[in-house]
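Novice: Below is the file upload.tsv, with TSV, C-alpha atoms.
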chain	number	residue	atom	x	y	z
A	260	MET	CA	-151.12	20.49	-44.73
A	261	LYS	CA	-147.50	20.62	-45.93
A	262	VAL	CA	-144.34	18.63	-45.27
A	263	VAL	CA	-141.18	20.70	-45.68
A	264	SER	CA	-137.54	19.57	-45.48
A	265	PHE	CA	-134.74	21.93	-44.46
A	266	ILE	CA	-131.48	21.07	-46.17
A	267	ASN	CA	-128.06	22.22	-47.37
A	268	TYR	CA	-124.92	20.31	-48.39
A	269	LYS	CA	-122.93	22.48	-45.97
A	270	GLY	CA	-123.20	22.04	-42.22
A	271	GLY	CA	-123.43	24.91	-39.75
A	272	VAL	CA	-125.78	27.00	-41.88
A	273	GLY	CA	-128.71	27.25	-39.50
A	274	LYS	CA	-130.93	24.41	-40.76
A	275	SER	CA	-131.85	23.12	-37.31
A	276	THR	CA	-132.18	26.57	-35.75
A	277	THR	CA	-134.37	27.81	-38.59
A	278	ALA	CA	-136.67	24.77	-38.69
A	279	TYR	CA	-136.98	24.95	-34.90
A	280	HIS	CA	-137.84	28.62	-34.69
A	281	ILE	CA	-140.23	28.58	-37.64
A	282	GLY	CA	-142.02	25.66	-36.01
A	283	CYS	CA	-142.12	27.37	-32.62
A	284	ALA	CA	-143.35	30.64	-34.12
A	285	LEU	CA	-146.16	28.89	-35.98
A	286	ALA	CA	-147.22	27.08	-32.81
A	287	LEU	CA	-146.90	30.06	-30.45
A	288	ASP	CA	-148.17	32.87	-32.68
A	289	GLN	CA	-150.51	31.11	-35.11
A	290	GLY	CA	-151.85	28.36	-32.85
A	291	MET	CA	-150.88	25.74	-35.43
A	292	ASN	CA	-150.15	22.07	-34.82
A	293	ILE	CA	-146.55	21.41	-35.80
A	294	LEU	CA	-144.46	18.24	-35.97
A	295	LEU	CA	-140.68	18.56	-36.06
A	296	VAL	CA	-138.80	15.53	-37.43
A	297	ASP	CA	-135.06	15.31	-36.71
A	298	VAL	CA	-133.40	13.25	-39.46
A	299	ASP	CA	-129.86	14.39	-38.64
A	300	PRO	CA	-127.78	11.96	-36.51
A	301	GLN	CA	-126.16	15.01	-34.88
A	302	THR	CA	-129.54	15.48	-33.10
A	303	ASN	CA	-129.22	19.28	-33.03
A	304	LEU	CA	-132.94	19.85	-33.51
A	305	THR	CA	-133.72	17.30	-30.81
A	306	PHE	CA	-131.46	19.06	-28.31
A	307	LEU	CA	-132.97	22.44	-29.13
A	308	CYS	CA	-136.25	20.96	-27.90
A	309	ALA	CA	-135.03	19.07	-24.83
A	310	THR	CA	-131.99	18.35	-22.71
A	311	PRO	CA	-129.91	15.22	-23.40
A	312	GLU	CA	-131.10	13.75	-20.09
A	313	ARG	CA	-134.77	14.07	-21.03
A	314	TRP	CA	-134.01	12.69	-24.52
A	315	GLU	CA	-132.32	9.64	-23.00
A	316	ASP	CA	-135.39	9.00	-20.87
A	317	PHE	CA	-137.74	9.33	-23.84
A	318	LYS	CA	-135.51	7.10	-25.98
A	319	LYS	CA	-135.55	4.30	-23.39
A	320	LYS	CA	-139.32	4.39	-23.10
A	321	ASN	CA	-140.39	5.15	-26.67
A	322	GLY	CA	-137.48	4.97	-29.11
A	323	THR	CA	-136.40	7.46	-31.77
A	324	LEU	CA	-136.45	7.82	-35.54
A	325	GLU	CA	-133.83	5.06	-35.66
A	326	SER	CA	-136.47	2.70	-34.25
A	327	LEU	CA	-138.69	3.29	-37.28
A	328	TYR	CA	-135.96	2.32	-39.75
A	329	ARG	CA	-134.81	-0.59	-37.61
A	330	ALA	CA	-138.33	-2.02	-37.68
A	331	TYR	CA	-138.34	-1.75	-41.48
A	332	LEU	CA	-135.01	-3.55	-41.72
A	333	ASP	CA	-136.24	-6.27	-39.37
A	334	ASN	CA	-139.57	-6.59	-41.24
A	335	LYS	CA	-141.51	-5.76	-38.08
A	336	PRO	CA	-144.66	-3.61	-37.72
A	337	PHE	CA	-144.14	-0.14	-36.27
A	338	ASP	CA	-146.52	2.50	-34.92
A	339	ILE	CA	-144.99	5.93	-35.59
A	340	LYS	CA	-147.10	7.44	-32.81
A	341	ASN	CA	-144.82	5.68	-30.32
A	342	ILE	CA	-141.91	7.99	-31.19
A	343	VAL	CA	-143.86	11.24	-31.34
A	344	TRP	CA	-142.78	13.28	-28.32
A	345	GLN	CA	-145.75	15.37	-27.28
A	346	GLU	CA	-144.86	19.02	-26.61
A	347	PRO	CA	-141.26	18.37	-25.50
A	348	ILE	CA	-140.22	21.99	-24.92
A	349	GLU	CA	-140.38	22.75	-21.20
A	350	LYS	CA	-139.43	25.49	-18.77
A	351	ALA	CA	-139.29	24.68	-15.07
A	352	GLY	CA	-141.13	21.44	-15.77
A	353	MET	CA	-143.99	23.19	-17.59
A	354	LYS	CA	-144.80	22.64	-21.26
A	355	VAL	CA	-144.35	26.04	-22.91
A	356	VAL	CA	-144.88	25.48	-26.66
A	357	LYS	CA	-148.33	23.98	-27.02
A	358	GLY	CA	-149.12	22.19	-30.25
A	359	LEU	CA	-145.52	21.45	-31.20
A	360	ASN	CA	-144.41	17.80	-31.20
A	361	LEU	CA	-141.12	16.12	-32.09
A	362	ILE	CA	-139.83	12.89	-33.57
A	363	PRO	CA	-136.32	12.87	-32.07
A	364	SER	CA	-133.17	11.72	-33.81
A	365	ASP	CA	-130.44	9.36	-32.68
A	366	VAL	CA	-126.73	8.99	-33.42
A	367	GLU	CA	-127.58	5.38	-34.34
A	368	LEU	CA	-129.00	6.73	-37.61
A	369	LEU	CA	-125.38	6.83	-38.80
A	370	GLY	CA	-125.47	3.05	-39.17
A	371	ILE	CA	-128.97	2.88	-40.62
A	372	ASP	CA	-127.92	4.21	-44.02
A	373	LEU	CA	-125.34	1.49	-44.48
A	374	ASP	CA	-127.84	-1.15	-43.36
A	375	LEU	CA	-130.42	0.18	-45.83
A	376	GLN	CA	-127.89	0.07	-48.65
A	377	THR	CA	-127.03	-3.58	-47.91
A	378	LYS	CA	-130.71	-4.65	-47.96
A	379	THR	CA	-131.03	-5.80	-51.57
A	380	SER	CA	-134.01	-6.54	-53.76
A	381	PRO	CA	-135.42	-10.07	-53.31
A	382	SER	CA	-135.42	-10.52	-57.09
A	383	ASN	CA	-133.36	-9.29	-60.01
A	384	ASP	CA	-136.22	-8.68	-62.43
A	385	LEU	CA	-136.72	-5.02	-63.37
A	386	SER	CA	-140.08	-4.57	-61.66
A	387	SER	CA	-138.84	-6.00	-58.34
A	388	VAL	CA	-135.66	-3.92	-58.40
A	389	ALA	CA	-137.70	-0.77	-59.14
A	390	ASP	CA	-140.18	-1.59	-56.38
A	391	HIS	CA	-137.33	-2.12	-53.90
A	392	TYR	CA	-135.80	1.22	-54.96
A	393	VAL	CA	-139.06	3.02	-54.21
A	394	LYS	CA	-139.66	1.21	-50.90
A	395	GLN	CA	-136.17	2.13	-49.68
A	396	ARG	CA	-136.98	5.82	-50.19
A	397	THR	CA	-140.56	5.97	-48.96
A	398	ILE	CA	-140.18	4.39	-45.52
A	399	LEU	CA	-140.65	7.69	-43.70
A	400	ARG	CA	-143.36	8.95	-46.06
A	401	ASP	CA	-145.49	5.85	-45.59
A	402	LYS	CA	-145.32	6.15	-41.79
A	403	LEU	CA	-145.93	9.91	-41.72
A	404	ASN	CA	-149.06	9.38	-43.82
A	405	PHE	CA	-150.68	7.83	-40.73
A	406	ILE	CA	-150.39	11.09	-38.76
A	407	ARG	CA	-149.91	13.93	-41.27
A	408	ASP	CA	-153.55	15.04	-41.09
A	409	GLU	CA	-153.04	15.87	-37.40
A	410	TYR	CA	-150.68	18.74	-38.28
A	411	ASP	CA	-150.65	22.00	-40.19
A	412	TYR	CA	-146.95	21.55	-41.01
A	413	ILE	CA	-144.40	18.80	-40.64
A	414	LEU	CA	-140.88	20.29	-40.69
A	415	ILE	CA	-137.96	17.91	-41.31
A	416	ASP	CA	-134.39	18.81	-40.40
A	417	CYS	CA	-131.99	16.99	-42.75
A	418	PRO	CA	-128.26	16.24	-42.42
A	419	PRO	CA	-125.79	17.85	-44.87
A	420	ASN	CA	-125.89	14.94	-47.32
A	421	LEU	CA	-128.24	13.13	-49.68
A	422	TYR	CA	-127.89	9.61	-48.31
A	423	LEU	CA	-130.89	7.26	-48.11
A	424	VAL	CA	-132.28	8.68	-44.87
A	425	THR	CA	-132.20	12.17	-46.38
A	426	GLN	CA	-133.76	10.86	-49.59
A	427	ASN	CA	-136.56	9.49	-47.41
A	428	ALA	CA	-137.11	12.96	-45.96
A	429	LEU	CA	-137.28	14.50	-49.43
A	430	ALA	CA	-139.62	11.81	-50.75
A	431	ALA	CA	-141.95	12.57	-47.83
A	432	SER	CA	-141.90	16.32	-48.53
A	433	ASP	CA	-144.00	18.65	-50.62
A	434	CYS	CA	-141.05	21.02	-50.92
A	435	TYR	CA	-137.63	21.76	-49.46
A	436	VAL	CA	-136.11	24.93	-48.04
A	437	VAL	CA	-132.40	25.72	-48.20
A	438	THR	CA	-130.77	27.76	-45.44
A	439	ALA	CA	-127.51	29.46	-46.36
A	440	LEU	CA	-124.92	31.93	-45.18
A	441	PRO	CA	-124.46	34.71	-47.75
A	442	ASP	CA	-120.87	33.74	-48.55
A	443	HIS	CA	-119.14	31.95	-51.40
A	444	LEU	CA	-118.73	28.54	-49.78
A	445	SER	CA	-122.31	28.34	-48.56
A	446	THR	CA	-123.98	29.52	-51.76
A	447	ILE	CA	-121.78	27.75	-54.32
A	448	GLY	CA	-123.49	24.45	-53.53
A	449	LEU	CA	-127.03	25.74	-54.13
A	450	SER	CA	-127.11	24.90	-57.83
A	451	ILE	CA	-125.39	21.55	-57.21
A	452	LEU	CA	-127.96	20.69	-54.54
A	453	GLU	CA	-130.90	21.66	-56.75
A	454	LYS	CA	-129.57	19.60	-59.68
A	455	ARG	CA	-128.94	16.62	-57.42
A	456	VAL	CA	-132.45	16.78	-55.93
A	457	ARG	CA	-133.90	17.09	-59.42
A	458	LYS	CA	-131.97	13.95	-60.45
A	459	LEU	CA	-133.19	12.07	-57.37
A	460	ASN	CA	-136.77	13.13	-58.17
A	461	LYS	CA	-136.42	11.88	-61.73
A	462	ASP	CA	-134.95	8.54	-60.67
A	463	LEU	CA	-137.68	8.00	-58.08
A	464	LYS	CA	-140.44	8.82	-60.56
A	465	ASN	CA	-138.95	6.46	-63.17
A	466	ALA	CA	-138.68	3.62	-60.66
A	467	ALA	CA	-142.22	4.27	-59.43
A	468	GLU	CA	-143.58	4.12	-62.97
A	469	ILE	CA	-141.89	0.75	-63.58
A	470	ALA	CA	-143.12	-0.59	-60.23
A	471	SER	CA	-146.61	0.90	-60.65
A	472	ARG	CA	-146.22	2.84	-57.41
A	473	ASP	CA	-147.46	6.35	-56.60
A	474	VAL	CA	-144.88	8.88	-55.45
A	475	SER	CA	-144.62	12.64	-55.16
A	476	THR	CA	-141.40	14.64	-55.30
A	477	PRO	CA	-140.47	17.98	-53.69
A	478	GLU	CA	-139.71	21.27	-55.38
A	479	LEU	CA	-137.60	24.14	-54.09
A	480	GLY	CA	-139.79	26.09	-51.70
A	481	GLY	CA	-137.34	28.84	-50.83
A	482	ILE	CA	-133.89	29.98	-49.73
A	483	ILE	CA	-133.44	31.60	-46.31
A	484	PHE	CA	-130.27	33.53	-45.50
A	485	VAL	CA	-129.00	33.38	-41.93
A	486	ARG	CA	-126.37	35.22	-39.87
A	487	VAL	CA	-126.23	38.12	-42.30
A	488	ARG	CA	-123.84	40.91	-41.34
A	489	LEU	CA	-125.07	44.49	-41.72
A	490	GLY	CA	-122.97	47.65	-41.85
A	491	GLY	CA	-120.12	48.96	-44.00
A	492	THR	CA	-117.18	46.52	-43.83
A	493	ALA	CA	-115.77	44.50	-46.71
A	494	ILE	CA	-117.24	41.21	-45.53
A	495	ILE	CA	-120.65	42.84	-45.15
A	496	ASN	CA	-120.43	44.06	-48.75
A	497	VAL	CA	-119.78	40.44	-49.76
A	498	HIS	CA	-122.90	39.34	-47.90
A	499	ASP	CA	-125.02	41.97	-49.63
A	500	ARG	CA	-123.59	41.09	-53.05
A	501	LYS	CA	-124.13	37.35	-52.55
A	502	MET	CA	-127.73	37.84	-51.46
A	503	ARG	CA	-128.49	39.95	-54.51
A	504	GLU	CA	-126.69	37.46	-56.76
A	505	VAL	CA	-128.65	34.47	-55.46
A	506	SER	CA	-131.92	36.40	-55.62
A	507	GLY	CA	-131.24	37.11	-59.28
A	508	ILE	CA	-130.62	33.44	-60.07
A	509	TYR	CA	-133.49	32.03	-57.99
A	510	THR	CA	-136.26	34.43	-58.93
A	511	ASN	CA	-139.02	34.62	-56.31
A	512	LYS	CA	-137.40	31.84	-54.27
A	513	THR	CA	-135.20	33.88	-51.92
A	514	PHE	CA	-136.93	34.96	-48.71
A	515	ASP	CA	-137.09	38.72	-48.20
A	516	ASN	CA	-136.52	38.22	-44.46
A	517	TYR	CA	-133.32	36.86	-42.93
A	518	THR	CA	-131.50	36.63	-39.61
A	519	THR	CA	-128.47	38.72	-38.67
A	520	GLU	CA	-125.34	37.76	-36.76
A	521	GLY	CA	-125.93	37.61	-33.03
A	522	ILE	CA	-125.71	35.65	-29.81
A	523	GLY	CA	-129.42	35.21	-29.14
A	524	TYR	CA	-129.34	31.77	-30.77
A	525	SER	CA	-126.71	30.38	-28.40
A	526	GLU	CA	-128.58	31.71	-25.37
A	527	ALA	CA	-131.69	29.93	-26.59
A	528	ALA	CA	-129.82	26.69	-27.28
A	529	GLU	CA	-128.27	26.67	-23.80
A	530	ASN	CA	-131.74	26.89	-22.27
A	531	ALA	CA	-133.41	24.44	-24.73
A	532	LEU	CA	-135.95	27.19	-25.41
A	533	PRO	CA	-136.89	29.23	-28.48
A	534	VAL	CA	-135.77	32.86	-28.53
A	535	PHE	CA	-139.41	33.93	-28.22
A	536	LEU	CA	-139.44	32.77	-24.59
A	537	LEU	CA	-136.23	34.50	-23.47
A	538	GLY	CA	-135.66	38.01	-22.19
A	539	GLY	CA	-132.82	40.34	-23.15
A	540	SER	CA	-132.10	42.47	-26.19
A	541	ASN	CA	-130.28	39.84	-28.27
A	542	PRO	CA	-132.97	37.13	-28.06
A	543	LYS	CA	-135.69	39.74	-28.65
A	544	ARG	CA	-134.00	40.97	-31.84
A	545	VAL	CA	-133.60	37.41	-33.13
A	546	ALA	CA	-137.20	36.62	-32.10
A	547	TYR	CA	-138.50	39.50	-34.24
A	548	GLN	CA	-136.48	38.28	-37.23
A	549	TYR	CA	-137.71	34.70	-36.94
A	550	ARG	CA	-141.31	35.84	-36.54
A	551	GLU	CA	-140.98	37.74	-39.81
A	552	ILE	CA	-139.43	34.68	-41.48
A	553	ALA	CA	-142.24	32.46	-40.15
A	554	ASN	CA	-144.88	34.87	-41.47
A	555	GLU	CA	-143.21	34.83	-44.88
A	556	PHE	CA	-142.91	31.04	-44.70
A	557	ILE	CA	-146.68	30.53	-44.46
A	558	ARG	CA	-147.24	33.05	-47.27
A	559	ARG	CA	-144.82	31.23	-49.56
A	560	ILE	CA	-145.79	27.70	-48.48
A	561	PRO	CA	-149.42	27.85	-47.33
A	562	SER	CA	-150.69	24.84	-45.44
Before we go any further, please render this structure as structure tokens.

Specialist:
Amino acid sequence: MKVVSFINYKGGVGKSTTAYHIGCALALDQGMNILLVDVDPQTNLTFLCATPERWEDFKKKNGTLESLYRAYLDNKPFDIKNIVWQEPIEKAGMKVVKGLNLIPSDVELLGIDLDLQTKTSPSNDLSSVADHYVKQRTILRDKLNFIRDEYDYILIDCPPNLYLVTQNALAASDCYVVTALPDHLSTIGLSILEKRVRKLNKDLKNAAEIASRDVSTPELGGIIFVRVRLGGTAIINVHDRKMREVSGIYTNKTFDNYTTEGIGYSEAAENALPVFLLGGSNPKRVAYQYREIANEFIRRIPS
């Protein structure tokens, strides 16, 4: 069983779409049990799985990821199973992606980070401060531990930052995957992101050692390129050059498979369905690409 975070400093680089379609492919084609966790307050992954109206109804009855953190801040017990949305993807009222569940996000997560930062250690001695540091970053991990054995993969969609909620996602993960466009702006942050995650890992391990706590930290599991342009134009040559450049720097970390530019994604998003369940040439082309990515994903990061 593996927990994998999808992350990039830059927004709009296919994190949500990639996590969603890998999860759907593993459930539909491999018969795996998958849990998607939406950590991004933009709720893009949530709305790929369900309409805003259905999300509102679920939120009123069960809560969202924000409820988990709010319970921690209020020092109240919390059962994570309450916010696990069982097989949320539907078509004409029928569940169509069996085995895939979701912990939905909430725009209220925007305020959670600030609230977490203002919750200080109850004591100033080194051990207490270190223990508080670890607790602040293992809230999600500790709750996921209650249900992780029910799944083959837990896939976490992170926002384009490394705030406390994102640090919680990383601390809960075995590895992280970076999605990127093959252009200068998208790829320039790869080394910065890796160095920053490495620093966060080091700080967490140091605090855990002082506090006598057990933690694990994620390593880079891979880089997936999205919306690659093929052909003979200048911009396409840039894409090809950037992909080869990154592959040379991150040896054996860059996925061989990638997605190309197309409109199949937007058609899927409008219908709150994965491309695998849509007709038409564009969704079918994208579906083939994501199936290949999903197959490579389980080879690189076996459960």

Novice: Enter the distance from CA of Leu399 (chain A) to CA of Ser450 (chain A), in Å, rounded to one decimal.

Specialist: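 Calculated distance between CA of Leu399 (chain A) and CA of Ser450 (chain A) is 26.1 Å.
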
Novice: Quick one: pull the distance between CA of Thr438 (chain A) and CA of Thr277 (chain A), Å, one decimal.

Specialist: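 Separating CA of Thr438 (chain A) from CA of Thr277 (chain A) is a distance of 7.7 Å.
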
Novice: For a quick check of understanding, using only C-alpha atoms, which of A:Ile371, A:Leu463, A:Ile348, A:Val456 has the smallest distance to Thr397 (chain A)?

Specialist: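 Distance minimum relative to Thr397 (chain A) lands on A:Leu463.
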
Novice: Just the residues within 8 Å of region 516-522 of chain A, please, counting only C-alpha atoms, with nothing from its chain fewer than 5 positions along; format it as a PDB file with C-alpha atoms, keeping the file's coordinate frame.

Specialist:
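The new file out.pdb reads:
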ATOM      1  CA  ILE A 483    -133.440  31.600 -46.310  1.00  0.00           C
ATOM      2  CA  PHE A 484    -130.270  33.530 -45.500  1.00  0.00           C
ATOM      3  CA  VAL A 485    -129.000  33.380 -41.930  1.00  0.00           C
ATOM      4  CA  ARG A 486    -126.370  35.220 -39.870  1.00  0.00           C
ATOM      5  CA  VAL A 487    -126.230  38.120 -42.300  1.00  0.00           C
ATOM      6  CA  ARG A 488    -123.840  40.910 -41.340  1.00  0.00           C
ATOM      7  CA  LEU A 489    -125.070  44.490 -41.720  1.00  0.00           C
ATOM      8  CA  ASN A 541    -130.280  39.840 -28.270  1.00  0.00           C
ATOM      9  CA  PRO A 542    -132.970  37.130 -28.060  1.00  0.00           C
ATOM     10  CA  VAL A 545    -133.600  37.410 -33.130  1.00  0.00           C
ATOM     11  CA  GLN A 548    -136.480  38.280 -37.230  1.00  0.00           C
ATOM     12  CA  TYR A 549    -137.710  34.700 -36.940  1.00  0.00           C
ATOM     13  CA  GLU A 551    -140.980  37.740 -39.810  1.00  0.00           C
ATOM     14  CA  ILE A 552    -139.430  34.680 -41.480  1.00  0.00           C
ATOM     15  CA  GLU A 555    -143.210  34.830 -44.880  1.00  0.00           C
TER      16      GLU A 555
END

Novice: Do a neighbour search on Asp288 (chain A) at 10 Å with only C-alpha atoms, toss out local chain neighbours closer than 4 positions, and write the hits as a list in words.

Specialist: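 Near Asp288 (chain A), the qualifying residues are Cys283, Ala284, Phe535, Arg550, Ala553 and Asn554 of chain A.
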
Novice: To one decimal place, how far is CA of Arg503 (chain A) from CA of Ile413 (chain A) in Å?

Specialist: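 Computed distance, CA of Arg503 (chain A) to CA of Ile413 (chain A), equals 29.9 Å.
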
Novice: Provide region 448-473 of chain A rebuilt to N, CA and C atoms, formatted as a JSON list (two decimals), keeping the file's coordinate frame.

Specialist:
[["chain", "number", "residue", "atom", "x", "y", "z"],
["A", 448, "GLY", "N", -122.86, 25.77, -53.42],
["A", 448, "GLY", "CA", -123.49, 24.45, -53.53],
["A", 448, "GLY", "C", -124.97, 24.48, -53.83],
["A", 449, "LEU", "N", -125.59, 25.67, -53.91],
["A", 449, "LEU", "CA", -127.03, 25.74, -54.13],
["A", 449, "LEU", "C", -127.44, 25.11, -55.45],
["A", 450, "SER", "N", -126.75, 25.45, -56.52],
["A", 450, "SER", "CA", -127.11, 24.90, -57.83],
["A", 450, "SER", "C", -126.82, 23.41, -57.90],
["A", 451, "ILE", "N", -125.72, 22.98, -57.24],
["A", 451, "ILE", "CA", -125.39, 21.55, -57.21],
["A", 451, "ILE", "C", -126.47, 20.79, -56.47],
["A", 452, "LEU", "N", -126.92, 21.34, -55.33],
["A", 452, "LEU", "CA", -127.96, 20.69, -54.54],
["A", 452, "LEU", "C", -129.26, 20.58, -55.34],
["A", 453, "GLU", "N", -129.65, 21.68, -55.99],
["A", 453, "GLU", "CA", -130.90, 21.66, -56.75],
["A", 453, "GLU", "C", -130.84, 20.64, -57.88],
["A", 454, "LYS", "N", -129.72, 20.57, -58.59],
["A", 454, "LYS", "CA", -129.57, 19.60, -59.68],
["A", 454, "LYS", "C", -129.61, 18.18, -59.16],
["A", 455, "ARG", "N", -128.96, 17.96, -58.00],
["A", 455, "ARG", "CA", -128.94, 16.62, -57.42],
["A", 455, "ARG", "C", -130.33, 16.20, -56.97],
["A", 456, "VAL", "N", -131.08, 17.10, -56.35],
["A", 456, "VAL", "CA", -132.45, 16.78, -55.93],
["A", 456, "VAL", "C", -133.32, 16.52, -57.15],
["A", 457, "ARG", "N", -133.13, 17.30, -58.20],
["A", 457, "ARG", "CA", -133.90, 17.09, -59.42],
["A", 457, "ARG", "C", -133.62, 15.71, -60.01],
["A", 458, "LYS", "N", -132.33, 15.28, -59.95],
["A", 458, "LYS", "CA", -131.97, 13.95, -60.45],
["A", 458, "LYS", "C", -132.59, 12.86, -59.57],
["A", 459, "LEU", "N", -132.57, 13.04, -58.26],
["A", 459, "LEU", "CA", -133.19, 12.07, -57.37],
["A", 459, "LEU", "C", -134.70, 11.98, -57.64],
["A", 460, "ASN", "N", -135.34, 13.11, -57.85],
["A", 460, "ASN", "CA", -136.77, 13.13, -58.17],
["A", 460, "ASN", "C", -137.06, 12.34, -59.45],
["A", 461, "LYS", "N", -136.24, 12.57, -60.46],
["A", 461, "LYS", "CA", -136.42, 11.88, -61.73],
["A", 461, "LYS", "C", -136.25, 10.37, -61.58],
["A", 462, "ASP", "N", -135.20, 9.97, -60.87],
["A", 462, "ASP", "CA", -134.95, 8.54, -60.67],
["A", 462, "ASP", "C", -136.08, 7.87, -59.90],
["A", 463, "LEU", "N", -136.60, 8.57, -58.88],
["A", 463, "LEU", "CA", -137.68, 8.00, -58.08],
["A", 463, "LEU", "C", -138.95, 7.87, -58.92],
["A", 464, "LYS", "N", -139.25, 8.88, -59.71],
["A", 464, "LYS", "CA", -140.44, 8.82, -60.56],
["A", 464, "LYS", "C", -140.33, 7.69, -61.59],
["A", 465, "ASN", "N", -139.15, 7.53, -62.18],
["A", 465, "ASN", "CA", -138.95, 6.46, -63.17],
["A", 465, "ASN", "C", -139.14, 5.09, -62.54],
["A", 466, "ALA", "N", -138.55, 4.90, -61.35],
["A", 466, "ALA", "CA", -138.68, 3.62, -60.66],
["A", 466, "ALA", "C", -140.14, 3.36, -60.28],
["A", 467, "ALA", "N", -140.82, 4.41, -59.82],
["A", 467, "ALA", "CA", -142.22, 4.27, -59.43],
["A", 467, "ALA", "C", -143.10, 3.90, -60.61],
["A", 468, "GLU", "N", -142.80, 4.45, -61.76],
["A", 468, "GLU", "CA", -143.58, 4.12, -62.97],
["A", 468, "GLU", "C", -143.39, 2.65, -63.34],
["A", 469, "ILE", "N", -142.16, 2.16, -63.27],
["A", 469, "ILE", "CA", -141.89, 0.75, -63.58],
["A", 469, "ILE", "C", -142.58, -0.17, -62.57],
["A", 470, "ALA", "N", -142.55, 0.25, -61.30],
["A", 470, "ALA", "CA", -143.12, -0.59, -60.23],
["A", 470, "ALA", "C", -144.61, -0.35, -60.02],
["A", 471, "SER", "N", -145.19, 0.55, -60.80],
["A", 471, "SER", "CA", -146.61, 0.90, -60.65],
["A", 471, "SER", "C", -146.92, 1.38, -59.24],
["A", 472, "ARG", "N", -146.05, 2.25, -58.74],
["A", 472, "ARG", "CA", -146.22, 2.84, -57.41],
["A", 472, "ARG", "C", -146.48, 4.34, -57.56],
["A", 473, "ASP", "N", -147.20, 4.91, -56.60],
["A", 473, "ASP", "CA", -147.46, 6.35, -56.60],
["A", 473, "ASP", "C", -146.44, 7.05, -55.70]]
